[in-house]
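Student: Quick one, final_20.cif (mmCIF, C-alpha atoms):
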```cif
data_data
#
loop_
_atom_site.label_atom_id
_atom_site.label_comp_id
_atom_site.auth_asym_id
_atom_site.auth_seq_id
_atom_site.Cartn_x
_atom_site.Cartn_y
_atom_site.Cartn_z
CA MET A 1 118.17 98.31 44.51
CA PRO A 2 117.79 102.11 44.81
CA VAL A 3 114.94 103.23 47.05
CA ILE A 4 113.24 106.48 47.98
CA ILE A 5 112.34 107.02 51.63
CA GLY A 6 109.45 109.49 51.75
CA MET A 7 108.88 111.19 55.08
CA ASP A 8 105.94 113.03 56.59
CA SER A 9 107.52 114.69 59.61
CA HIS A 10 105.99 116.36 62.65
CA LYS A 11 107.44 117.80 65.83
CA ARG A 12 107.44 114.53 67.77
CA SER A 13 106.98 111.86 65.11
CA ALA A 14 107.86 110.98 61.54
CA THR A 15 106.16 108.49 59.22
CA ILE A 16 108.29 107.06 56.42
CA GLU A 17 107.49 104.97 53.37
CA VAL A 18 110.11 103.12 51.36
CA ILE A 19 109.42 102.68 47.64
CA THR A 20 111.50 101.22 44.84
CA GLU A 21 112.45 102.98 41.61
CA LEU A 22 109.40 101.30 40.04
CA GLY A 23 107.06 102.85 42.63
CA ASP A 24 106.43 99.62 44.55
CA VAL A 25 105.89 100.13 48.27
CA VAL A 26 108.37 98.19 50.40
CA THR A 27 107.24 99.19 53.89
CA VAL A 28 105.67 101.94 55.98
CA GLU A 29 107.02 102.73 59.45
CA LYS A 30 106.52 105.39 62.13
CA PHE A 31 109.21 106.66 64.49
CA GLY A 32 109.60 109.28 67.14
CA THR A 33 111.82 112.30 66.53
CA ASP A 34 113.53 112.22 69.92
CA GLN A 35 117.07 110.91 70.17
CA SER A 36 116.16 107.24 70.45
CA GLY A 37 113.39 107.40 67.83
CA TYR A 38 115.62 109.21 65.34
CA GLY A 39 118.39 106.66 65.90
CA GLU A 40 116.00 103.81 65.18
CA MET A 41 114.76 105.52 62.02
CA LEU A 42 118.30 106.14 60.78
CA SER A 43 119.29 102.54 61.46
CA PHE A 44 116.19 101.31 59.66
CA GLY A 45 116.92 103.49 56.62
CA ARG A 46 120.51 102.31 56.43
CA ARG A 47 119.29 98.78 55.76
CA PHE A 48 118.92 99.95 52.17
CA PRO A 49 122.39 100.62 50.71
CA GLU A 50 121.17 102.84 47.84
CA ARG A 51 118.74 105.23 49.50
CA THR A 52 117.57 108.80 49.11
CA TRP A 53 115.51 110.52 51.77
CA ALA A 54 112.67 112.80 50.68
CA VAL A 55 111.37 115.15 53.38
CA GLU A 56 108.40 117.47 53.03
CA GLY A 57 108.88 121.07 54.14
CA CYS A 58 112.62 121.25 54.80
CA ASN A 59 112.25 124.98 55.43
CA GLY A 60 109.47 124.38 57.92
CA VAL A 61 108.49 121.60 60.27
CA GLY A 62 110.71 119.09 58.45
CA ARG A 63 113.88 121.14 58.89
CA HIS A 64 114.99 119.62 62.19
CA VAL A 65 114.88 116.05 60.85
CA ALA A 66 116.32 116.93 57.44
CA HIS A 67 119.35 118.71 58.91
CA ARG A 68 120.02 115.85 61.29
CA LEU A 69 120.00 113.42 58.37
CA VAL A 70 122.36 115.62 56.34
CA HIS A 71 124.66 115.92 59.34
CA ASP A 72 124.79 112.11 59.48
CA GLY A 73 125.86 111.91 55.82
CA GLU A 74 122.49 111.08 54.25
CA THR A 75 121.22 112.37 50.90
CA VAL A 76 118.06 114.40 51.51
CA LEU A 77 115.72 116.01 48.95
CA ASP A 78 113.34 118.83 49.83
CA VAL A 79 109.79 118.11 48.62
CA PRO A 80 107.53 121.20 48.46
CA ALA A 81 104.21 120.71 50.20
CA LYS A 82 102.32 121.91 47.10
CA LEU A 83 103.73 119.09 44.98
CA SER A 84 102.88 116.39 47.48
CA ALA A 85 99.39 117.87 47.87
CA GLN A 86 98.83 117.63 44.12
CA VAL A 87 99.81 113.97 44.13
CA ARG A 88 97.51 113.31 47.09
CA VAL A 89 94.53 114.98 45.39
CA PHE A 90 94.83 112.91 42.23
CA ALA A 91 95.45 109.65 44.08
CA THR A 92 92.79 107.24 45.25
CA GLY A 93 91.16 108.03 48.57
CA ASN A 94 89.52 111.33 47.58
CA GLY A 95 92.49 113.37 48.74
CA ARG A 96 92.23 112.00 52.28
CA LYS A 97 95.11 113.27 54.39
CA THR A 98 96.78 110.78 56.72
CA GLU A 99 100.40 110.27 57.68
CA PRO A 100 100.88 107.13 55.51
CA VAL A 101 99.19 108.87 52.57
CA ASP A 102 101.36 111.95 53.02
CA SER A 103 104.58 109.95 53.18
CA HIS A 104 103.52 108.03 50.05
CA SER A 105 102.85 111.31 48.20
CA VAL A 106 106.24 112.67 49.24
CA ALA A 107 108.00 109.54 48.04
CA LEU A 108 106.22 109.62 44.67
CA VAL A 109 107.12 113.27 44.12
CA ALA A 110 110.78 112.52 44.82
CA LEU A 111 110.66 109.54 42.47
CA ARG A 112 109.07 111.38 39.53
CA THR A 113 110.52 114.90 39.88
CA SER A 114 114.04 115.48 38.60
CA ASN A 115 114.76 119.01 39.83
CA LEU A 116 114.14 118.81 43.56
CA VAL A 117 116.55 120.71 45.78
CA ARG A 118 119.10 118.70 47.70
CA VAL A 119 119.33 119.82 51.31
CA ARG A 120 122.76 121.11 52.34
CA ALA A 121 123.26 122.18 55.93
CA ASP A 122 125.94 124.88 55.80
CA PRO A 123 126.47 125.86 59.48
CA GLU A 124 127.16 129.49 58.61
CA LEU A 125 124.00 129.76 56.54
CA VAL A 126 121.95 128.07 59.26
CA VAL A 127 123.22 130.63 61.76
CA MET A 128 122.58 133.44 59.30
CA GLY A 129 119.03 132.22 58.71
CA MET A 130 118.32 132.14 62.44
CA LEU A 131 119.71 135.63 62.98
CA VAL A 132 117.81 137.16 60.07
CA ASP A 133 114.59 135.56 61.33
CA ARG A 134 115.28 137.09 64.73
CA ARG A 135 115.95 140.49 63.14
CA ASP A 136 112.65 140.28 61.29
CA GLU A 137 110.81 139.43 64.50
CA LEU A 138 112.41 142.41 66.26
CA GLY A 139 111.32 144.68 63.42
CA ARG A 140 107.72 143.53 63.74
CA ALA A 141 107.84 143.90 67.52
CA ARG A 142 109.14 147.46 67.14
CA THR A 143 106.36 148.37 64.73
CA GLN A 144 103.74 147.06 67.16
CA ALA A 145 105.29 148.97 70.08
CA VAL A 146 105.45 152.20 68.07
CA ASN A 147 101.81 151.86 66.98
CA ARG A 148 100.64 151.36 70.56
CA LEU A 149 102.75 154.30 71.72
CA HIS A 150 101.30 156.58 69.03
CA ARG A 151 97.78 155.66 70.12
CA LEU A 152 98.53 156.64 73.72
CA LEU A 153 100.33 159.86 72.76
CA LEU A 154 97.36 160.89 70.64
CA GLU A 155 95.21 160.68 73.78
CA LEU A 156 97.82 162.47 75.94
CA PHE A 157 98.70 165.28 73.50
CA ALA A 158 96.52 167.21 71.10
CA GLY A 159 97.47 166.08 67.61
CA GLY A 160 99.64 163.24 68.92
CA ALA A 161 103.30 162.83 67.97
CA LYS A 162 105.15 162.78 64.66
CA LYS A 163 105.14 159.61 62.60
CA PHE A 164 108.78 158.57 63.03
CA LEU A 165 109.39 159.05 66.74
CA PRO A 166 112.65 157.77 68.28
CA ALA A 167 112.51 156.50 71.84
CA ALA A 168 114.58 159.42 73.15
CA GLN A 169 112.23 162.02 71.66
CA ALA A 170 109.20 160.13 72.95
CA CYS A 171 110.71 160.09 76.42
CA ALA A 172 111.34 163.86 76.30
CA LEU A 173 107.80 164.46 75.07
CA VAL A 174 106.17 162.40 77.82
CA ALA A 175 108.29 164.18 80.44
CA THR A 176 106.57 167.49 79.58
CA ILE A 177 103.13 166.34 80.75
CA LYS A 178 101.94 165.59 84.30
CA PRO A 179 98.32 164.37 84.25
CA ARG A 180 96.39 164.73 87.50
CA ASP A 181 93.43 162.45 86.81
CA ILE A 182 93.71 158.68 87.15
CA VAL A 183 93.01 158.06 83.45
CA GLY A 184 95.77 160.41 82.34
CA LYS A 185 98.22 158.99 84.89
CA THR A 186 97.53 155.46 83.66
CA ARG A 187 98.04 156.47 80.04
CA ARG A 188 101.31 158.18 80.90
CA ARG A 189 102.55 155.14 82.84
CA LEU A 190 101.71 152.83 79.93
CA ALA A 191 103.45 155.20 77.52
CA VAL A 192 106.59 155.13 79.69
CA ASP A 193 106.49 151.32 79.71
CA LEU A 194 106.22 151.27 75.92
CA ILE A 195 109.13 153.71 75.57
CA THR A 196 111.27 151.45 77.79
CA GLU A 197 110.24 148.45 75.70
CA LEU A 198 111.08 150.39 72.54
CA GLU A 199 114.56 151.26 73.83
CA ILE A 200 115.25 147.59 74.60
CA ILE A 201 114.08 146.51 71.13
CA ASP A 202 116.24 149.19 69.46
CA LYS A 203 119.32 147.93 71.30
CA LYS A 204 118.59 144.36 70.22
CA ILE A 205 118.10 145.49 66.62
CA LYS A 206 121.50 147.20 66.63
CA VAL A 207 123.15 144.03 67.93
CA ALA A 208 121.34 141.89 65.33
CA ASP A 209 122.35 144.24 62.50
CA LYS A 210 125.96 144.17 63.65
CA ASP A 211 126.02 140.35 63.79
CA LEU A 212 124.46 140.05 60.32
CA ARG A 213 126.84 142.62 58.85
CA GLU A 214 129.86 140.74 60.21
CA LEU A 215 128.60 137.39 58.91
CA VAL A 216 127.83 138.78 55.47
CA MET A 217 131.13 140.65 55.13
CA ALA A 218 133.04 137.56 56.26
CA ARG A 219 131.75 135.63 53.25
CA GLY A 220 133.01 137.85 50.46
CA CYS A 221 133.19 141.36 49.06
CA THR A 222 130.82 142.30 46.25
CA SER A 223 128.09 144.93 46.46
CA LEU A 224 124.74 145.72 44.89
CA ASP A 225 122.83 148.93 45.41
CA GLY A 226 119.76 148.54 47.59
CA ILE A 227 120.43 145.38 49.64
CA GLY A 228 121.44 145.72 53.28
CA PRO A 229 122.69 143.10 55.77
CA SER A 230 119.24 141.61 56.37
CA GLY A 231 118.44 141.37 52.66
CA ALA A 232 121.83 139.85 51.93
CA ALA A 233 121.40 137.31 54.72
CA TRP A 234 117.95 136.40 53.42
CA LEU A 235 119.34 135.82 49.95
CA LEU A 236 122.19 133.68 51.24
CA ALA A 237 120.10 131.60 53.61
CA ASP A 238 117.13 131.04 51.28
CA VAL A 239 118.89 130.71 47.92
CA GLY A 240 121.67 128.42 49.11
CA ASP A 241 123.16 126.85 46.00
CA ILE A 242 122.60 129.23 43.07
CA HIS A 243 123.30 126.37 40.64
CA ARG A 244 119.97 124.79 41.54
CA PHE A 245 118.37 127.36 39.23
CA GLY A 246 118.97 126.44 35.61
CA ASN A 247 118.69 130.05 34.44
CA ARG A 248 117.53 133.48 35.53
CA ASP A 249 113.94 132.72 34.48
CA ARG A 250 113.73 129.88 36.97
CA PHE A 251 115.19 132.11 39.66
CA ALA A 252 112.56 134.78 38.88
CA SER A 253 109.81 132.17 39.04
CA TRP A 254 111.12 131.01 42.42
CA ASN A 255 111.15 134.50 43.91
CA GLY A 256 107.77 135.49 42.42
CA THR A 257 108.93 138.34 40.15
CA ALA A 258 108.11 136.52 36.88
CA PRO A 259 104.59 137.38 35.64
CA LEU A 260 102.23 134.50 34.90
CA ASP A 261 100.95 133.94 31.39
CA ALA A 262 97.17 134.42 31.37
CA SER A 263 96.69 134.52 27.59
CA SER A 264 93.66 133.04 25.90
CA GLY A 265 93.38 132.62 22.15
CA GLU A 266 94.59 135.75 20.40
CA GLN A 267 94.47 137.79 23.61
CA GLN A 268 97.94 138.05 25.09
CA ARG A 269 98.07 139.15 28.71
CA TYR A 270 100.02 138.47 31.88
CA ARG A 271 99.12 138.76 35.52
CA LEU A 272 100.98 139.29 38.77
CA SER A 273 102.38 136.18 40.44
CA ARG A 274 101.47 135.79 44.10
CA ALA A 275 103.59 132.66 44.41
CA GLY A 276 107.29 132.30 45.08
CA ASN A 277 109.51 133.09 48.04
CA ARG A 278 107.92 136.19 49.54
CA ARG A 279 110.93 137.12 51.65
CA ILE A 280 113.16 137.32 48.60
CA ASN A 281 110.40 139.09 46.71
CA ARG A 282 110.27 141.65 49.51
CA THR A 283 114.05 142.04 49.41
CA LEU A 284 113.91 142.76 45.68
CA HIS A 285 111.07 145.22 46.26
CA ILE A 286 113.12 147.11 48.85
CA MET A 287 116.05 147.05 46.46
CA GLY A 288 113.85 148.63 43.80
CA VAL A 289 112.54 151.30 46.18
CA VAL A 290 116.08 152.27 47.18
CA GLN A 291 117.13 152.56 43.55
CA LEU A 292 114.12 154.72 42.73
CA ARG A 293 115.19 157.19 45.42
CA ASN A 294 118.61 157.65 43.85
CA PRO A 295 119.86 158.55 40.34
CA THR A 296 120.52 154.98 39.20
CA ALA A 297 119.88 153.00 36.05
CA GLY A 298 117.00 151.43 37.96
CA ARG A 299 115.40 154.86 38.13
CA VAL A 300 116.00 155.36 34.40
CA TYR A 301 114.52 151.95 33.63
CA PHE A 302 111.44 152.68 35.76
CA ASP A 303 110.91 156.05 34.04
CA SER A 304 111.23 154.44 30.62
CA LYS A 305 108.47 151.97 31.49
CA LYS A 306 106.26 154.83 32.70
CA ALA A 307 106.92 156.70 29.44
CA ALA A 308 105.89 153.58 27.53
CA GLY A 309 102.43 153.79 29.08
CA LYS A 310 102.74 151.46 32.07
CA THR A 311 101.31 152.38 35.45
CA SER A 312 103.60 152.91 38.43
CA MET A 313 102.79 149.43 39.78
CA GLU A 314 103.41 147.79 36.43
CA ALA A 315 106.72 149.64 36.04
CA MET A 316 107.73 148.57 39.55
CA ARG A 317 106.98 144.93 38.74
CA ALA A 318 109.10 145.17 35.61
CA LEU A 319 111.93 146.72 37.63
CA LYS A 320 111.76 143.92 40.20
CA ARG A 321 111.96 141.36 37.40
CA ARG A 322 115.07 143.09 36.08
CA LEU A 323 116.62 143.29 39.54
CA SER A 324 116.03 139.55 39.91
CA ASN A 325 118.22 139.11 36.82
CA VAL A 326 120.84 141.38 38.40
CA VAL A 327 120.98 139.35 41.61
CA TYR A 328 121.10 136.05 39.73
CA ALA A 329 123.87 137.26 37.40
CA ARG A 330 125.92 138.61 40.30
CA MET A 331 125.70 135.43 42.35
CA LEU A 332 126.49 133.31 39.30
CA ALA A 333 129.46 135.51 38.36
CA ASP A 334 130.81 135.39 41.89
CA GLN A 335 130.59 131.62 41.89
CA LYS A 336 132.44 131.35 38.58
CA ARG A 337 135.09 133.75 39.83
CA GLY A 338 135.44 131.66 42.97
CA GLU A 339 135.90 128.49 40.95
CA ALA A 340 138.57 130.19 38.83
CA ALA A 341 140.44 131.33 41.93
CA GLY A 342 140.74 127.79 43.23
CA PRO A 343 141.19 126.65 46.83
CA GLY A 344 142.72 129.27 49.04
CA GLY A 345 141.86 132.11 46.64
CA HIS A 346 139.32 134.81 47.05
CA SER A 347 136.61 136.31 44.89
CA GLY A 348 137.94 139.84 45.07
CA THR A 349 135.87 142.99 44.84
CA THR A 350 134.20 144.92 42.11
CA LEU A 351 133.18 148.53 41.66
CA GLN A 352 130.63 147.68 38.96
CA SER A 353 128.10 145.81 41.02
CA SER A 354 124.97 147.92 40.83
CA VAL A 355 122.24 147.85 38.21
CA THR A 356 124.23 150.39 36.23
CA GLY A 357 126.74 147.67 35.50
CA LEU A 358 124.28 145.74 33.37
CA PRO A 359 124.12 146.33 29.62
CA PRO A 360 120.75 147.62 28.41
CA ASP A 361 120.08 144.53 26.30
CA THR A 362 119.56 142.07 29.14
CA GLY A 363 116.21 141.14 27.64
CA PRO A 364 112.67 142.20 28.45
CA SER A 365 112.05 142.04 32.20
CA ASP A 366 108.27 142.30 32.08
CA LYS A 367 107.69 138.96 30.37
CA PRO A 368 106.89 135.70 32.12
CA ASN A 369 108.88 132.54 32.05
CA PRO A 370 109.12 130.80 28.70
CA ASN A 371 108.33 127.13 28.41
CA LEU A 372 111.43 125.80 30.08
CA PRO A 373 112.77 122.28 29.57
CA PRO A 374 112.78 120.08 32.65
CA ALA A 375 115.86 120.61 34.74
CA SER A 376 117.82 117.81 36.27
CA LEU A 377 119.13 117.82 39.80
CA PRO A 378 122.71 119.12 39.69
CA PRO A 379 125.31 116.69 40.96
CA PRO A 380 126.87 117.42 44.36
CA ARG A 381 129.68 119.92 44.06
CA PRO A 382 132.86 119.58 46.09
CA PRO A 383 133.69 122.34 48.58
CA LEU A 384 135.34 125.21 46.76
CA GLY A 385 137.43 126.57 49.58
CA ILE A 386 136.03 129.98 48.61
CA LYS A 387 132.85 131.77 49.32
CA GLY A 388 131.80 134.00 46.46
CA SER A 389 129.28 136.75 46.92
CA LEU A 390 126.82 139.54 46.46
CA LEU A 391 125.58 142.34 48.68
CA VAL A 392 124.42 145.83 48.94
CA GLY A 393 124.17 148.68 51.32
CA LYS A 394 123.66 152.36 50.81
CA GLY A 395 126.89 154.13 51.68
CA THR A 396 128.47 150.86 52.76
CA THR A 397 129.77 147.89 50.81
CA PHE A 398 128.91 144.48 52.17
CA GLN A 399 129.31 141.12 50.56
CA LEU A 400 126.58 138.82 49.73
CA PRO A 401 128.59 135.72 49.06
CA TYR A 402 127.89 132.59 47.27
CA PRO A 403 127.99 129.79 49.86
CA ALA A 404 130.33 126.86 49.41
CA PRO A 405 128.29 123.64 49.25
CA ALA A 406 128.66 121.46 52.28
CA SER A 407 130.41 118.17 51.76
CA GLY A 408 128.60 114.92 52.24
#
```
Do you think you could lay out the structure here as structure tokens?

Tutor:
Amino acid sequence: MPVIIGMDSHKRSATIEVITELGDVVTVEKFGTDQSGYGEMLSFGRRFPERTWAVEGCNGVGRHVAHRLVHDGETVLDVPAKLSAQVRVFATGNGRKTEPVDSHSVALVALRTSNLVRVRADPELVVMGMLVDRRDELGRARTQAVNRLHRLLLELFAGGAKKFLPAAQACALVATIKPRDIVGKTRRRLAVDLITELEIIDKKIKVADKDLRELVMARGCTSLDGIGPSGAAWLLADVGDIHRFGNRDRFASWNGTAPLDASSGEQQRYRLSRAGNRRINRTLHIMGVVQLRNPTAGRVYFDSKKAAGKTSMEAMRALKRRLSNVVYARMLADQKRGEAAGPGGHSGTTLQSSVTGLPPDTGPSDKPNPNLPPASLPPPRPPLGIKGSLLVGKGTTFQLPYPAPASG
């Protein structure tokens, strides 16, 4: 009999509940997540021949267990924490949160929801995700170091320093002053320490950008205007299998660029969505900003929205919604081209990969999602032997490829 194994995972423990396809609870068990505990849990789960694991938060605390299960050939579904929380709230127990209750909620979501994402651990995408996370951390660390340095320079020099100050220029600036009082000497010493820290961070950022560029370019050769190595890596690592989105509206809803319908009666209005994947939303925002700085169709589209009476923010939201369609269409086209090439082929390149390549009748981009029919979980796809793509960089062409699904 087919069963669902719902899991509430933590760093050092995991509670699982096994339920049948009718929702009957078979058993509840708790295991450790160390090597011996994980082995016992896997052996226990394999007592049920037809099983599907459902893990909450496979992009968070549940990732380490989910990837280990996938590596061992298990079928794992990613259950969003919001869905399991909704089930828990409407269940008996007044929304009380315990490990058995959480695992039961996760199992019920997996049983009743048909469009959950199946976890696929592509080693290249895992590496890419780790590197892009590291690059993001370095960027935040650099911003903090620069802010602290500007505060000290404002106290050392009248008027402070310019906004965008490279480490070399900061070093030359500090070398021109020799304070004689103890307060000034301390400020200068701290400024020198921050400049040294900034130089180290800049070197690490260059190495991280180089690694990401090589990984992205190795997976294909298609470009879009406004997406660099970090943005491309974010798209690859977070999107994964583009076929899990039934259409471009679902993709826009996932990345938070689709407005939410807030109509009431005869009043038709929409509001900004704060939900969705914020990293991808940020990538699309940066893509839009880059296109607005250059004479592109994105700039023309933005200006047309402004001429129609929209504010700058509203026009930017509409542009991001359109760019979401561009990214979705490019990744889907690359995948189809990869399937046509067959094993051993390649996706090739294109010179018509920016927003200008889209026909003007792609549909209104400032409307929310329509009432979409429920999507079913796509069946596992065999490895394609190709890695399709998508990517962008100003002055440089990278490839943001479509990842080949992992087998098993």

Student: Could you list, as a list in words, every residue within 6 Å of Pro229 of chain A, counting all atoms listed in the file and ignoring same-chain residues fewer than 2 positions away?

Tutor: Leu212, Arg213, Gly231 and Ala232 of chain A

Student: Applied to the shown file, which residues does the PyMOL selection byres ((chain A and resi 26-37) around 6) return, written as an mmCIF file with C-alpha atoms, in the frame of the given file?

Tutor:
```cif
data_model
loop_
_atom_site.group_PDB
_atom_site.id
_atom_site.type_symbol
_atom_site.label_atom_id
_atom_site.label_comp_id
_atom_site.auth_asym_id
_atom_site.auth_seq_id
_atom_site.Cartn_x
_atom_site.Cartn_y
_atom_site.Cartn_z
ATOM 1 C CA ARG A 12 107.440 114.530 67.770
ATOM 2 C CA SER A 13 106.980 111.860 65.110
ATOM 3 C CA ALA A 14 107.860 110.980 61.540
ATOM 4 C CA THR A 15 106.160 108.490 59.220
ATOM 5 C CA ILE A 16 108.290 107.060 56.420
ATOM 6 C CA GLU A 17 107.490 104.970 53.370
ATOM 7 C CA VAL A 18 110.110 103.120 51.360
ATOM 8 C CA ILE A 19 109.420 102.680 47.640
ATOM 9 C CA VAL A 25 105.890 100.130 48.270
ATOM 10 C CA TYR A 38 115.620 109.210 65.340
ATOM 11 C CA GLY A 39 118.390 106.660 65.900
ATOM 12 C CA GLU A 40 116.000 103.810 65.180
#
```

Student: Can you measure atom CA of Lys310 of chain A to atom CA of Ala258 of chain A for me? One decimal in Å is fine.

Tutor: 16.6 Å

Student: List the residues matched by the PyMOL selection byres ((chain A and resi 302) around 9) in the displayed structure as a PyMOL selection string, ordered by chain and then by residue number.

Tutor: chain A and resi 292+297-301+303-307+312+315-316+318-319

Student: For each of A:Val183, A:Val101, A:Ala66, A:Leu165, take the minimum atom-to-atom distance to Val119 of chain A, counting all atoms listed in the file, then give the residue where this is smallest.

Tutor: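 Using all atoms listed in the file, Val119 of chain A sits closest to A:Ala66.
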
Student: Quick one: of A:Ala85, A:Ala158, A:Val70, A:Ala107, who's nearest to Met7 of chain A, counting all atoms listed in the file?

Tutor: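 Closest to Met7 of chain A of all the choices is A:Ala107.
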
Student: Within 12 Å of Ala110 of chain A, counting all atoms listed in the file, which residues show up once you throw out same-chain ones fewer than 6 positions away? Write them as a VMD selection string, please.

Tutor: chain A and resid 3 to 7 17 to 21 23 51 to 56 76 to 81 83 to 84 87 103 to 104 116 to 118 377

Student: For the structure shown, which residues end up in the PyMOL selection byres ((chain A and resi 235-238) around 10)? Put them as a PyMOL selection string, please?

Tutor: chain A and resi 59+122+124-130+132+216+219+227+229-234+239-242+277+279-280+283-284+327+331+389-391+400-403

Student: Please save C-alpha atoms of the selected residues as a PDB file, in the coordinates of the input.

Tutor:
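As a result, out-v2.pdb now contains:
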```
ATOM      1  CA  ASN A  59     112.250 124.980  55.430  1.00  0.00           C
ATOM      2  CA  ASP A 122     125.940 124.880  55.800  1.00  0.00           C
ATOM      3  CA  GLU A 124     127.160 129.490  58.610  1.00  0.00           C
ATOM      4  CA  LEU A 125     124.000 129.760  56.540  1.00  0.00           C
ATOM      5  CA  VAL A 126     121.950 128.070  59.260  1.00  0.00           C
ATOM      6  CA  VAL A 127     123.220 130.630  61.760  1.00  0.00           C
ATOM      7  CA  MET A 128     122.580 133.440  59.300  1.00  0.00           C
ATOM      8  CA  GLY A 129     119.030 132.220  58.710  1.00  0.00           C
ATOM      9  CA  MET A 130     118.320 132.140  62.440  1.00  0.00           C
ATOM     10  CA  VAL A 132     117.810 137.160  60.070  1.00  0.00           C
ATOM     11  CA  VAL A 216     127.830 138.780  55.470  1.00  0.00           C
ATOM     12  CA  ARG A 219     131.750 135.630  53.250  1.00  0.00           C
ATOM     13  CA  ILE A 227     120.430 145.380  49.640  1.00  0.00           C
ATOM     14  CA  PRO A 229     122.690 143.100  55.770  1.00  0.00           C
ATOM     15  CA  SER A 230     119.240 141.610  56.370  1.00  0.00           C
ATOM     16  CA  GLY A 231     118.440 141.370  52.660  1.00  0.00           C
ATOM     17  CA  ALA A 232     121.830 139.850  51.930  1.00  0.00           C
ATOM     18  CA  ALA A 233     121.400 137.310  54.720  1.00  0.00           C
ATOM     19  CA  TRP A 234     117.950 136.400  53.420  1.00  0.00           C
ATOM     20  CA  VAL A 239     118.890 130.710  47.920  1.00  0.00           C
ATOM     21  CA  GLY A 240     121.670 128.420  49.110  1.00  0.00           C
ATOM     22  CA  ASP A 241     123.160 126.850  46.000  1.00  0.00           C
ATOM     23  CA  ILE A 242     122.600 129.230  43.070  1.00  0.00           C
ATOM     24  CA  ASN A 277     109.510 133.090  48.040  1.00  0.00           C
ATOM     25  CA  ARG A 279     110.930 137.120  51.650  1.00  0.00           C
ATOM     26  CA  ILE A 280     113.160 137.320  48.600  1.00  0.00           C
ATOM     27  CA  THR A 283     114.050 142.040  49.410  1.00  0.00           C
ATOM     28  CA  LEU A 284     113.910 142.760  45.680  1.00  0.00           C
ATOM     29  CA  VAL A 327     120.980 139.350  41.610  1.00  0.00           C
ATOM     30  CA  MET A 331     125.700 135.430  42.350  1.00  0.00           C
ATOM     31  CA  SER A 389     129.280 136.750  46.920  1.00  0.00           C
ATOM     32  CA  LEU A 390     126.820 139.540  46.460  1.00  0.00           C
ATOM     33  CA  LEU A 391     125.580 142.340  48.680  1.00  0.00           C
ATOM     34  CA  LEU A 400     126.580 138.820  49.730  1.00  0.00           C
ATOM     35  CA  PRO A 401     128.590 135.720  49.060  1.00  0.00           C
ATOM     36  CA  TYR A 402     127.890 132.590  47.270  1.00  0.00           C
ATOM     37  CA  PRO A 403     127.990 129.790  49.860  1.00  0.00           C
TER      38      PRO A 403
END
```

Student: Mind giving me the straight-line distance from atom CA of Pro179 of chain A to atom CA of Leu156 of chain A in Å, one decimal?

Tutor: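 Pair atom CA of Pro179 of chain A / atom CA of Leu156 of chain A returns 8.5 Å.
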
Student: What does the distance between atom CA of Lys97 of chain A and atom CA of Lys82 of chain A come to in Å, to one decimal place?

Tutor: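 Spanning atom CA of Lys97 of chain A to atom CA of Lys82 of chain A is a straight-line distance of 13.4 Å.
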
Student: Counting all atoms listed in the file, figure out which residue out of A:Arg112, A:His10, A:Lys336, A:Arg148 gets nearest to Glu197 of chain A.

Tutor: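 Ranking A:Arg112, A:His10, A:Lys336, A:Arg148 by distance to Glu197 of chain A, first place goes to A:Arg148.
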
Student: Take every atom of segment 37-51 of chain A listed in the file, pad by 5 Å on each side, and give me the axis-aligned box centre and edge lengths in Å, one decimal, as AutoDock Vina command-line options.

Tutor:
```
--center_x 117.9 --center_y 104.0 --center_z 57.8 --size_x 19.0 --size_y 20.4 --size_z 30.0
```
